[in-house]
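S.K.: So here's run-v8.txt (compact mmCIF, C-alpha atoms and all ligand atoms).
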# COMPACT_ATOMS: atom_id res chain seq x y z
CA MET B 1 22.06 8.65 22.36
CA ALA B 2 19.40 11.21 23.03
CA ILE B 3 15.66 11.54 22.66
CA LEU B 4 14.89 14.51 20.43
CA SER B 5 11.79 16.65 20.73
CA ILE B 6 9.25 16.23 17.95
CA LEU B 7 7.74 19.26 16.24
CA GLU B 8 3.95 19.28 16.08
CA TYR B 9 1.61 20.96 13.62
CA PRO B 10 1.26 23.93 13.08
CA ASP B 11 4.96 24.51 13.84
CA LYS B 12 6.31 26.33 10.77
CA ARG B 13 9.60 24.44 10.93
CA LEU B 14 7.70 21.39 9.62
CA ARG B 15 7.63 23.32 6.32
CA ASN B 16 11.43 23.51 6.06
CA LYS B 17 13.13 21.62 3.25
CA ALA B 18 15.97 19.25 4.06
CA LEU B 19 19.37 19.40 2.34
CA PRO B 20 21.20 16.34 1.04
CA VAL B 21 23.74 14.74 3.38
CA SER B 22 27.15 15.38 1.79
CA GLU B 23 29.03 12.76 3.78
CA VAL B 24 27.82 10.00 6.11
CA ASP B 25 30.19 10.72 8.98
CA SER B 26 30.06 10.15 12.73
CA ASN B 27 27.90 13.24 13.19
CA VAL B 28 25.29 11.88 10.74
CA ARG B 29 25.43 8.45 12.40
CA ARG B 30 24.77 10.08 15.77
CA ILE B 31 21.73 11.88 14.32
CA VAL B 32 20.48 8.55 12.94
CA ASP B 33 20.92 6.85 16.34
CA ASP B 34 19.08 9.67 18.10
CA MET B 35 16.27 9.52 15.54
CA PHE B 36 15.86 5.76 16.06
CA GLU B 37 15.76 6.23 19.82
CA THR B 38 13.20 9.02 19.43
CA MET B 39 11.04 6.93 17.07
CA TYR B 40 11.16 3.82 19.29
CA GLU B 41 10.10 5.90 22.28
CA GLN B 42 6.79 6.57 20.51
CA SER B 43 4.56 3.52 20.89
CA ASN B 44 3.00 3.30 17.44
CA THR B 45 5.21 5.20 15.05
CA VAL B 46 6.72 3.40 12.07
CA GLY B 47 8.79 6.26 10.69
CA LEU B 48 10.38 9.56 11.54
CA ALA B 49 11.88 12.25 9.28
CA SER B 50 14.70 14.58 10.32
CA ILE B 51 12.54 17.66 9.65
CA GLN B 52 10.22 16.49 12.48
CA VAL B 53 13.10 16.80 14.94
CA ASN B 54 14.24 20.10 13.40
CA ILE B 55 17.30 18.70 11.62
CA PRO B 56 17.10 19.81 7.96
CA LEU B 57 19.11 16.95 6.42
CA ARG B 58 17.68 14.27 4.13
CA ILE B 59 17.49 11.45 6.72
CA LEU B 60 14.63 9.07 7.62
CA VAL B 61 14.36 6.21 10.06
CA MET B 62 11.70 3.52 9.77
CA ASP B 63 10.68 0.22 11.34
CA ILE B 64 7.42 -1.37 10.25
CA SER B 65 7.94 -4.68 12.10
CA GLU B 66 5.55 -5.58 14.94
CA ASP B 67 8.32 -6.33 17.40
CA ARG B 68 10.30 -3.26 16.26
CA SER B 69 13.33 -5.32 15.36
CA SER B 70 13.90 -4.21 11.74
CA PRO B 71 15.37 -0.72 11.67
CA ILE B 72 15.79 0.88 8.23
CA CYS B 73 18.07 3.88 7.89
CA VAL B 74 17.45 6.04 4.81
CA ILE B 75 19.80 8.84 3.76
CA ASN B 76 19.33 10.98 0.61
CA PRO B 77 16.40 8.88 -0.65
CA GLU B 78 15.13 8.96 -4.24
CA ILE B 79 12.16 7.13 -5.68
CA ILE B 80 13.34 5.62 -8.96
CA ALA B 81 10.18 3.73 -9.95
CA ARG B 82 6.49 3.81 -9.06
CA GLU B 83 3.54 1.65 -9.99
CA GLY B 84 -0.19 1.76 -9.24
CA ILE B 85 -2.14 3.63 -6.59
CA GLN B 86 -3.14 2.64 -3.07
CA GLN B 87 -5.17 4.41 -0.43
CA GLU B 88 -4.33 3.77 3.20
CA VAL B 89 -5.14 5.46 6.49
CA GLU B 90 -2.16 7.53 7.63
CA GLY B 91 -1.24 9.23 10.86
CA CYS B 92 1.77 11.30 11.80
CA VAL B 93 3.59 11.82 15.07
CA SER B 94 3.45 15.57 14.34
CA PHE B 95 -0.40 15.28 14.32
CA PRO B 96 -1.15 13.26 17.47
CA GLY B 97 -4.48 11.43 17.51
CA VAL B 98 -5.71 12.13 13.96
CA TRP B 99 -5.73 9.95 10.87
CA ASP B 100 -7.06 10.02 7.33
CA LYS B 101 -6.85 8.19 4.03
CA VAL B 102 -4.22 9.35 1.54
CA ASP B 103 -3.56 8.27 -2.07
CA ARG B 104 -0.02 7.05 -2.69
CA SER B 105 1.83 5.00 -5.26
CA ALA B 106 1.28 1.30 -4.55
CA LYS B 107 4.71 -0.08 -5.33
CA ILE B 108 7.91 1.90 -5.35
CA CYS B 109 11.61 1.34 -5.74
CA MET B 110 13.73 3.61 -3.55
CA ARG B 111 17.45 4.28 -3.78
CA ALA B 112 19.27 5.59 -0.68
CA LEU B 113 22.39 5.37 1.47
CA ASP B 114 22.55 3.33 4.66
CA GLN B 115 24.13 4.30 7.98
CA ASN B 116 27.58 3.43 6.58
CA GLY B 117 27.10 5.57 3.49
CA LYS B 118 26.59 2.49 1.31
CA PRO B 119 24.03 2.82 -1.52
CA TYR B 120 21.13 0.34 -1.66
CA GLU B 121 17.82 -0.11 -3.44
CA LEU B 122 14.62 -1.19 -1.74
CA ASN B 123 11.43 -2.42 -3.40
CA ALA B 124 8.48 -1.53 -1.21
CA GLU B 125 4.75 -2.10 -1.21
CA GLU B 126 1.87 -1.80 1.25
CA LEU B 127 2.80 -0.22 4.60
CA LEU B 128 6.51 0.20 3.82
CA SER B 129 5.73 1.96 0.54
CA VAL B 130 3.29 4.32 2.29
CA CYS B 131 5.79 4.97 5.07
CA ILE B 132 8.62 5.86 2.66
CA GLN B 133 6.40 8.25 0.67
CA HIS B 134 4.99 9.88 3.83
CA GLU B 135 8.45 10.37 5.36
CA MET B 136 10.02 11.57 2.10
CA ASP B 137 7.29 14.23 1.86
CA HIS B 138 8.48 15.57 5.24
CA LEU B 139 11.93 16.20 3.74
CA ASP B 140 10.30 18.64 1.31
CA GLY B 141 8.12 20.29 3.96
CA VAL B 142 5.02 18.43 2.77
CA LEU B 143 2.57 17.05 5.35
CA PHE B 144 0.06 14.24 4.86
CA VAL B 145 -2.84 16.66 5.33
CA ASP B 146 -1.66 18.52 2.19
CA HIS B 147 -2.97 15.55 0.19
CA LEU B 148 -6.50 15.94 1.62
CA SER B 149 -9.35 18.18 0.50
CA ARG B 150 -9.76 21.58 2.22
CA LEU B 151 -12.83 20.29 4.04
CA LYS B 152 -11.01 17.27 5.41
CA GLN B 153 -8.03 19.40 6.40
CA THR B 154 -10.27 21.75 8.37
CA ARG B 155 -11.97 18.85 10.15
CA LEU B 156 -8.68 17.22 10.98
CA VAL B 157 -7.14 20.40 12.40
CA LYS B 158 -10.27 20.97 14.53
CA LYS B 159 -9.98 17.45 15.89
CA LEU B 160 -6.29 18.00 16.62
CA GLN B 161 -7.11 21.16 18.60
CA LYS B 162 -9.85 19.34 20.52
CA ASN B 163 -7.44 16.52 21.41
CA ARG B 164 -4.97 19.10 22.73
CA LEU B 165 -7.59 20.80 24.92
CA ARG B 166 -8.55 17.42 26.29
CA ALA B 167 -4.89 16.66 27.04
CA VAL B 168 -4.58 19.89 29.01
CA GLU B 169 -7.73 19.32 31.11
NI NI M 1 4.66 12.19 9.50
Please express the file's structure as structure tokens.
Ligand code: NI
M.R.:
Amino acid sequence: MAILSILEYPDKRLRNKALPVSEVDSNVRRIVDDMFETMYEQSNTVGLASIQVNIPLRILVMDISEDRSSPICVINPEIIAREGIQQEVEGCVSFPGVWDKVDRSAKICMRALDQNGKPYELNAEELLSVCIQHEMDHLDGVLFVDHLSRLKQTRLVKKLQKNRLRAVE
């Protein structure tokens, strides 16, 4: 397994769109393992999308459990039902140290393939629902800041730049 490097905003590769996985083979399983290792290395990240590690295939890894013991592998995801609206504070490992509230569907039903290529459906609400929608956006080159007003986007990017200067000092 290997820890992959994570792209950070404003890297243009975060705008790439991911292609469907045609076959879940050993190469795909290795990517999934590397993505889990990369996600678990980050202390407070509940999800990671392949686009964030510059692999343009439709693959996500998630774990919303507190003890990080419930890995969820998501390949070629589709949302097949949505209900309601929720607004939660979101962050993103590609935007270190900044957060904001985003509107998302409250409850969703997702269909995907697991690490063995087996199809499954998952009903999700609250944090898991937010996580799936946030990570699926990445597969289409969409970032959580795209859901915010221009004013909020500008503020958030300024804060991100300030955090980086502080990190360099
Ligand atoms: Ni993200």
S.K.: In Å, how far is it from CA of Gln42 in chain B to CA of Ile108 in chain B?
M.R.: 26.3 Å
S.K.: Which residue, B:Val130, B:Leu4, B:Ile51, B:Val46, has the smallest gap to Asp34 in chain B when you use all atoms listed in the file?
M.R.: B:Leu4
S.K.: Neighbours of range 16-28 of chain B within 6 Å (all atoms listed in the file; same-chain residues fewer than 6 positions away dropped), as an MDAnalysis selection string?
M.R.: chainID B and resid 56:58 76 117 139:141
S.K.: Could you check the closest approach to ligand NI 1 (chain M) for each of B:Glu41, B:Asp63, B:Glu90, B:Glu78 and tell me which residue wins, using all atoms listed in the file?
M.R.: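 Using all atoms listed in the file, the shortest distance to ligand NI 1 (chain M) belongs to B:Glu90.
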S.K.: Counting all atoms listed in the file, what residues are within 10 Å of ligand NI 1 (chain M), given as a VMD selection string?
M.R.: chain B and resid 8 14 45 to 49 51 to 52 90 to 96 131 133 to 138 142 to 145
S.K.: Please check which residues have atoms at most 6 Å from (-4.9, 6.5, 3.7) in the file's coordinates, counting all atoms listed in the file, and write them as a VMD selection string.
M.R.: chain B and resid 87 to 90 100 to 102
S.K.: May I ask which of the residues B:His147, B:Arg15, B:Arg82, B:Arg30 is the closest one to Asn123 in chain B, counting all atoms listed in the file?
M.R.: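 Closest to Asn123 in chain B of all the choices is B:Arg82.
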S.K.: Applying 10 Å and all atoms listed in the file, which residues near range 163-168 of chain B remain after dropping the ones on its own chain fewer than 3 positions away? List them as a tab-separated table (two decimals) with C-alpha atoms, in the coordinates of the input.
M.R.:
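Contents of the output file out-v2.tsv:
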chain	number	residue	atom	x	y	z
B	96	PRO	CA	-1.15	13.26	17.47
B	97	GLY	CA	-4.48	11.43	17.51
B	98	VAL	CA	-5.71	12.13	13.96
B	157	VAL	CA	-7.14	20.40	12.40
B	158	LYS	CA	-10.27	20.97	14.53
B	159	LYS	CA	-9.98	17.45	15.89
B	160	LEU	CA	-6.29	18.00	16.62
S.K.: Looking at all atoms listed in the file, which of B:Ile75, B:Ser65, B:Tyr9, B:Glu83 is the one that sits closest to Asn116 in chain B?
M.R.: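 For Asn116 in chain B, the nearest of the candidates is B:Ile75.
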S.K.: For range 63-74 of chain B, supply all heavy atoms and format the output as a short mmCIF file (atom, residue, chain, number, x, y, z; two decimals), in the coordinates of the input.
M.R.:
data_model
loop_
_atom_site.label_atom_id
_atom_site.label_comp_id
_atom_site.auth_asym_id
_atom_site.auth_seq_id
_atom_site.Cartn_x
_atom_site.Cartn_y
_atom_site.Cartn_z
N ASP B 63 10.73 1.62 10.92
CA ASP B 63 10.68 0.22 11.34
C ASP B 63 9.21 -0.16 11.32
O ASP B 63 8.43 0.32 12.14
CB ASP B 63 11.26 0.03 12.75
CG ASP B 63 11.41 -1.43 13.12
OD1 ASP B 63 10.73 -2.29 12.48
OD2 ASP B 63 12.17 -1.74 14.04
N ILE B 64 8.84 -1.01 10.36
CA ILE B 64 7.42 -1.37 10.25
C ILE B 64 7.14 -2.73 10.89
O ILE B 64 6.01 -3.22 10.85
CB ILE B 64 6.92 -1.36 8.78
CG1 ILE B 64 7.68 -2.37 7.93
CG2 ILE B 64 7.00 0.04 8.17
CD1 ILE B 64 6.92 -2.79 6.68
N SER B 65 8.15 -3.35 11.51
CA SER B 65 7.94 -4.68 12.10
C SER B 65 7.15 -4.57 13.40
O SER B 65 7.24 -3.55 14.09
CB SER B 65 9.28 -5.36 12.37
OG SER B 65 9.98 -4.66 13.37
N GLU B 66 6.38 -5.63 13.73
CA GLU B 66 5.55 -5.58 14.94
C GLU B 66 6.39 -5.55 16.20
O GLU B 66 6.04 -4.88 17.17
CB GLU B 66 4.60 -6.78 14.97
CG GLU B 66 3.52 -6.56 13.99
CD GLU B 66 2.18 -7.13 14.39
OE1 GLU B 66 2.08 -7.82 15.42
OE2 GLU B 66 1.25 -6.88 13.62
N ASP B 67 7.49 -6.30 16.19
CA ASP B 67 8.32 -6.33 17.40
C ASP B 67 9.44 -5.28 17.35
O ASP B 67 10.34 -5.29 18.19
CB ASP B 67 8.90 -7.73 17.64
CG ASP B 67 9.75 -8.19 16.46
OD1 ASP B 67 9.84 -7.47 15.45
OD2 ASP B 67 10.33 -9.29 16.56
N ARG B 68 9.36 -4.39 16.37
CA ARG B 68 10.30 -3.26 16.26
C ARG B 68 11.75 -3.74 16.29
O ARG B 68 12.58 -3.25 17.05
CB ARG B 68 10.01 -2.24 17.38
CG ARG B 68 8.62 -1.66 17.17
CD ARG B 68 8.02 -1.02 18.35
NE ARG B 68 8.37 0.39 18.52
CZ ARG B 68 7.97 1.38 17.74
NH1 ARG B 68 7.26 1.13 16.67
NH2 ARG B 68 8.29 2.61 17.99
N SER B 69 12.00 -4.70 15.40
CA SER B 69 13.33 -5.32 15.36
C SER B 69 13.99 -5.14 14.00
O SER B 69 15.03 -5.73 13.73
CB SER B 69 13.19 -6.81 15.65
OG SER B 69 12.36 -7.39 14.65
N SER B 70 13.37 -4.34 13.09
CA SER B 70 13.90 -4.21 11.74
C SER B 70 14.12 -2.75 11.36
O SER B 70 13.40 -2.19 10.53
CB SER B 70 12.95 -4.86 10.73
OG SER B 70 12.66 -6.17 11.12
N PRO B 71 15.13 -2.13 11.97
CA PRO B 71 15.37 -0.72 11.67
C PRO B 71 15.84 -0.51 10.23
O PRO B 71 16.64 -1.31 9.72
CB PRO B 71 16.48 -0.33 12.65
CG PRO B 71 17.14 -1.60 13.05
CD PRO B 71 16.09 -2.67 12.95
N ILE B 72 15.34 0.52 9.58
CA ILE B 72 15.79 0.88 8.23
C ILE B 72 16.26 2.34 8.28
O ILE B 72 15.48 3.23 8.65
CB ILE B 72 14.66 0.73 7.19
CG1 ILE B 72 14.10 -0.70 7.18
CG2 ILE B 72 15.15 1.11 5.79
CD1 ILE B 72 12.89 -0.88 6.25
N CYS B 73 17.51 2.53 7.93
CA CYS B 73 18.07 3.88 7.89
C CYS B 73 18.10 4.34 6.43
O CYS B 73 18.57 3.61 5.56
CB CYS B 73 19.48 3.87 8.47
SG CYS B 73 20.38 5.38 8.11
N VAL B 74 17.59 5.53 6.18
CA VAL B 74 17.45 6.04 4.81
C VAL B 74 18.09 7.43 4.73
O VAL B 74 17.64 8.36 5.40
CB VAL B 74 15.94 6.14 4.45
CG1 VAL B 74 15.76 6.71 3.05
CG2 VAL B 74 15.25 4.80 4.60
#
